[in-house]
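Just below is one structure, and these are the notes that go with it.
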Amino acid sequence: MERNKGKTSKGIILVLILLTISLSILLYFTYNEYLEYNNILKDNKELNSKINILNKEYTKELDIKKELEYNENTLNNIEEEIIKLKEEVFSLASKLEDKITNSESNYKIAYLTFDDGPYLSTDEVLDILDKYKVKATFFTIGLDKDICYDNNNYSCAETYKKEVDLGHTIANHTYTHAIFRGLYNSTTSFISDVKRQETLIEERTGVKTNIVRFPGGSSTARGLKESIINELRNLGYGWADWTANDGDGGYLPNTTVAWNNFTNSINENIEVVLFHDYSNITISILPKAIEYLQDNNYILLPLFYNSIKVNK
Ligand SMILES: [Zn+2]
């Protein structure tokens, strides 16, 4: 009896010791994970506030540039400063993309893109973006843009430069956008249309484009897709499709449908949002759409060549 009692208490002590050891190990690992998690949170916060500060500085420099249009020397310095800041923003954005991809960030990124312009209505898009201090990407075409499609009494020739001066990314959507009239006849026809638009943008803005969007999306190229991508790569181009949209490329009966399409399509941590700058419905929901994304922890940025959303 006594002996059994002794055995039982020894057993209990052993179990208690083992339990204490396991608990200590568990506590040790949990604490370490907690520390690591805290570090990641801190990193993310720092990264985000850096991007915000740089974006603000970038906007400020652009404003100063506008004021100093006639002073060439100062203007040259400012141009360099702007390029430097832009590169810094893009390199931080690249780091944030990595963190988001590795589930190490609470932040998300949305790249707003506007296709087929410039139109007269592009000015309204630019005003809204400016009001929210948001930079976006314009996939422009070239066909007869000296006359605005949506109002023949106006010229849209200056709009390319305006997009660049306001700090947005200007990108290449081919010169003719002629999906059913020859663009996709061959790799050569597609590439020469891209080069034609590249020349037009360079002449009007001084910027050499390095991002293409296939009119109709890359799947429209069908059997030519791989060969076109190879050629684009040789020319230093990346290309981008989209992951979200409000349906403004097709028939949209009203803003409610557009809004529902838009919010239903936002579900990835890094979104490329397709809009068209000719769409009055998109323009009317744009302020709310920007607020919706920001409220859902999205940082809104312009596309850049090294982004993981730009295929190479
Ligand atoms: Zn298009």
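A note on labels: chains of the structure tokens are A, B, ... as shown, every chain counts residues from 1, and ligands are counted from 1 in their shown order.
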* Could you give me the residues within segment 141-289 of chain A that DSSP places in helix (DSSP H, G or I), as an NGL selection string? => :A and (159-165 or 179-183 or 187-205 or 218-234 or 255-265 or 280-289)
Considering only C-alpha atoms and all ligand atoms, tabulate each residue of chain A that lies at most 8 Å from ligand 1 along with its nearest interatomic pair and the corresponding distance in Å to one decimal; arrange the rows by chain and ascending residue number and present them as CSV.
residue,atom,partner,partner_atom_place_in_ligand_line,distance
A:Asp115,CA,ligand 1,1 (Zn),5.3
A:Asp116,CA,ligand 1,1 (Zn),4.8
A:Phe139,CA,ligand 1,1 (Zn),7.9
A:His173,CA,ligand 1,1 (Zn),6.7
A:His177,CA,ligand 1,1 (Zn),6.6
A:Arg213,CA,ligand 1,1 (Zn),7.9
A:Phe214,CA,ligand 1,1 (Zn),7.5
A:Pro215,CA,ligand 1,1 (Zn),4.5
A:Gly216,CA,ligand 1,1 (Zn),5.8
A:Gly217,CA,ligand 1,1 (Zn),7.9
A:Gly249,CA,ligand 1,1 (Zn),7.9
A:His276,CA,ligand 1,1 (Zn),7.8
If we count only C-alpha atoms and set the cut-off at 9 Å, which residues sit around Lys161 of chain A, ignoring sequence neighbours fewer than 6 positions away in its own chain? Please answer as an mmCIF file with N, CA, C and O atoms, in the first residue's frame.
data_model
loop_
_atom_site.group_PDB
_atom_site.id
_atom_site.type_symbol
_atom_site.label_atom_id
_atom_site.label_comp_id
_atom_site.auth_asym_id
_atom_site.auth_seq_id
_atom_site.Cartn_x
_atom_site.Cartn_y
_atom_site.Cartn_z
ATOM 1 N N ILE A 201 3.804 59.116 -77.835
ATOM 2 C CA ILE A 201 3.884 59.495 -76.417
ATOM 3 C C ILE A 201 5.222 60.181 -76.134
ATOM 4 O O ILE A 201 5.282 61.193 -75.433
ATOM 5 N N ARG A 204 5.218 63.724 -77.370
ATOM 6 C CA ARG A 204 4.342 64.654 -76.634
ATOM 7 C C ARG A 204 4.702 64.808 -75.161
ATOM 8 O O ARG A 204 4.286 65.765 -74.518
ATOM 9 N N THR A 205 5.429 63.842 -74.601
ATOM 10 C CA THR A 205 5.687 63.916 -73.151
ATOM 11 C C THR A 205 7.165 63.770 -72.784
ATOM 12 O O THR A 205 7.546 64.063 -71.661
ATOM 13 N N GLY A 206 7.974 63.263 -73.690
ATOM 14 C CA GLY A 206 9.381 63.003 -73.368
ATOM 15 C C GLY A 206 9.575 61.681 -72.640
ATOM 16 O O GLY A 206 10.692 61.309 -72.308
#
Q) Given the choices A:Asn151, A:Thr169, A:Asn76, A:Asn106, which gets closest to Phe304 of chain A if the distance is worked out from only C-alpha atoms? A)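 Looking at the shortest contact to Phe304 of chain A, the residue is A:Thr169.
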Please identify the strand (DSSP E) residues within segment 217-284 of chain A (assignment by DSSP from backbone atoms) and present them as a list of chain:residue names. A:Gly238, A:Trp239, A:Ala244, A:Asn245, A:Ile270, A:Glu271, A:Val272, A:Val273, A:Leu274, A:Phe275, A:His276
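If only C-alpha atoms are the atoms counted, then among A:Ile82, A:Ile228, A:Cys148, A:Val212 the closest residue to Asp241 of chain A is A:Val212.
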Discussion item. With only C-alpha atoms as the counted atoms, please give the residues lying no more than 12 Å from Pro287 of chain A, apart from itself and same-chain residues fewer than 6 positions off, as number ranges by chain.
Written reply: A: 124-134, 259, 281, 293-294
| Test item: residues at most 9 Å from Thr282 of chain A, only C-alpha atoms, excluding those fewer than 6 positions along its chain, as number ranges by chain | A: 246, 248, 255, 258-259, 275-276
Atom pair atom CA of Tyr278 of chain A + atom CA of Asp150 of chain A, distance 7.7 Å
Counting only C-alpha atoms, the residue of A:Pro253, A:Gly11, A:Gly117, A:Gly182 that sits nearest Ala157 of chain A:
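Of the candidates, the smallest distance to Ala157 of chain A is held by A:Gly117.
Closest to Lys60 of chain A among A:Ala136, A:Leu166, A:Val257, A:Ala289 is A:Leu166, based on only C-alpha atoms.
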Determine, counting only C-alpha atoms, which protein, DNA and RNA residues have an atom within 12 Å of an atom of Phe190 of chain A; residues of the same chain fewer than 5 positions away are not included. Present the result as JSON, numbers by chain.
-> {"A": [172, 173, 174, 175, 176, 177, 178, 179, 181, 182, 183, 184, 185, 195, 196, 197, 212, 213, 214, 215, 218, 220, 221, 224, 225, 227, 228, 229, 231, 232]}
Counting only C-alpha atoms, what is within 10 Å of segment 43-49 of chain A, bar same-chain residues fewer than 6 positions away, as a PDB file with N, CA and C atoms, in the first residue's frame?
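Contents of selection.pdb, as written:
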ATOM      1  N   TYR A  37       6.038  38.691 -34.913  1.00  0.00           N
ATOM      2  CA  TYR A  37       4.829  39.303 -35.450  1.00  0.00           C
ATOM      3  C   TYR A  37       4.849  40.810 -35.214  1.00  0.00           C
ATOM      4  N   ASN A  55       5.098  59.936 -51.171  1.00  0.00           N
ATOM      5  CA  ASN A  55       4.040  60.324 -52.101  1.00  0.00           C
ATOM      6  C   ASN A  55       3.673  61.785 -51.933  1.00  0.00           C
ATOM      7  N   LEU A  92      10.032  51.107 -52.791  1.00  0.00           N
ATOM      8  CA  LEU A  92       9.289  50.747 -51.574  1.00  0.00           C
ATOM      9  C   LEU A  92       8.025  49.963 -51.917  1.00  0.00           C
ATOM     10  N   ALA A  93       7.377  50.364 -53.003  1.00  0.00           N
ATOM     11  CA  ALA A  93       6.158  49.661 -53.417  1.00  0.00           C
ATOM     12  C   ALA A  93       6.488  48.203 -53.756  1.00  0.00           C
ATOM     13  N   LYS A  95       8.877  46.438 -52.399  1.00  0.00           N
ATOM     14  CA  LYS A  95       9.065  45.728 -51.119  1.00  0.00           C
ATOM     15  C   LYS A  95       7.714  45.396 -50.499  1.00  0.00           C
ATOM     16  N   LEU A  96       6.792  46.355 -50.574  1.00  0.00           N
ATOM     17  CA  LEU A  96       5.468  46.124 -49.998  1.00  0.00           C
ATOM     18  C   LEU A  96       4.752  44.989 -50.739  1.00  0.00           C
ATOM     19  N   LYS A  99       5.997  41.774 -49.355  1.00  0.00           N
ATOM     20  CA  LYS A  99       5.435  41.500 -48.033  1.00  0.00           C
ATOM     21  C   LYS A  99       3.994  41.031 -48.142  1.00  0.00           C
ATOM     22  N   ILE A 100       3.238  41.703 -49.015  1.00  0.00           N
ATOM     23  CA  ILE A 100       1.832  41.323 -49.178  1.00  0.00           C
ATOM     24  C   ILE A 100       1.742  39.894 -49.719  1.00  0.00           C
ATOM     25  N   GLU A 104       2.778  39.052 -45.072  1.00  0.00           N
ATOM     26  CA  GLU A 104       3.443  39.701 -43.941  1.00  0.00           C
ATOM     27  C   GLU A 104       2.990  41.149 -43.791  1.00  0.00           C
ATOM     28  N   SER A 105       1.893  41.511 -44.448  1.00  0.00           N
ATOM     29  CA  SER A 105       1.445  42.890 -44.331  1.00  0.00           C
ATOM     30  C   SER A 105      -0.060  42.968 -44.207  1.00  0.00           C
ATOM     31  N   ASN A 106      -0.515  43.970 -43.438  1.00  0.00           N
ATOM     32  CA  ASN A 106      -1.962  44.200 -43.340  1.00  0.00           C
ATOM     33  C   ASN A 106      -2.426  45.092 -44.472  1.00  0.00           C
ATOM     34  N   TYR A 107      -1.457  45.716 -45.172  1.00  0.00           N
ATOM     35  CA  TYR A 107      -1.837  46.626 -46.241  1.00  0.00           C
ATOM     36  C   TYR A 107      -2.052  45.876 -47.538  1.00  0.00           C
ATOM     37  N   ILE A 299      -3.487  50.752 -50.549  1.00  0.00           N
ATOM     38  CA  ILE A 299      -2.690  51.911 -50.924  1.00  0.00           C
ATOM     39  C   ILE A 299      -2.810  52.015 -52.437  1.00  0.00           C
TER      40      ILE A 299
END
What does the distance between atom CA of Glu81 of chain A and atom CA of Ser307 of chain A come to in Å, to one decimal place?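 Atom-to-atom, atom CA of Glu81 of chain A and atom CA of Ser307 of chain A are spaced 21.7 Å apart.
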Quiz item: With distances taken over only C-alpha atoms, which of A:Val89, A:Leu143, A:Ser186, A:Glu79 is nearest to Arg222 of chain A?
Solution: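 Going through A:Val89, A:Leu143, A:Ser186, A:Glu79 one by one, the smallest distance to Arg222 of chain A is for A:Ser186.
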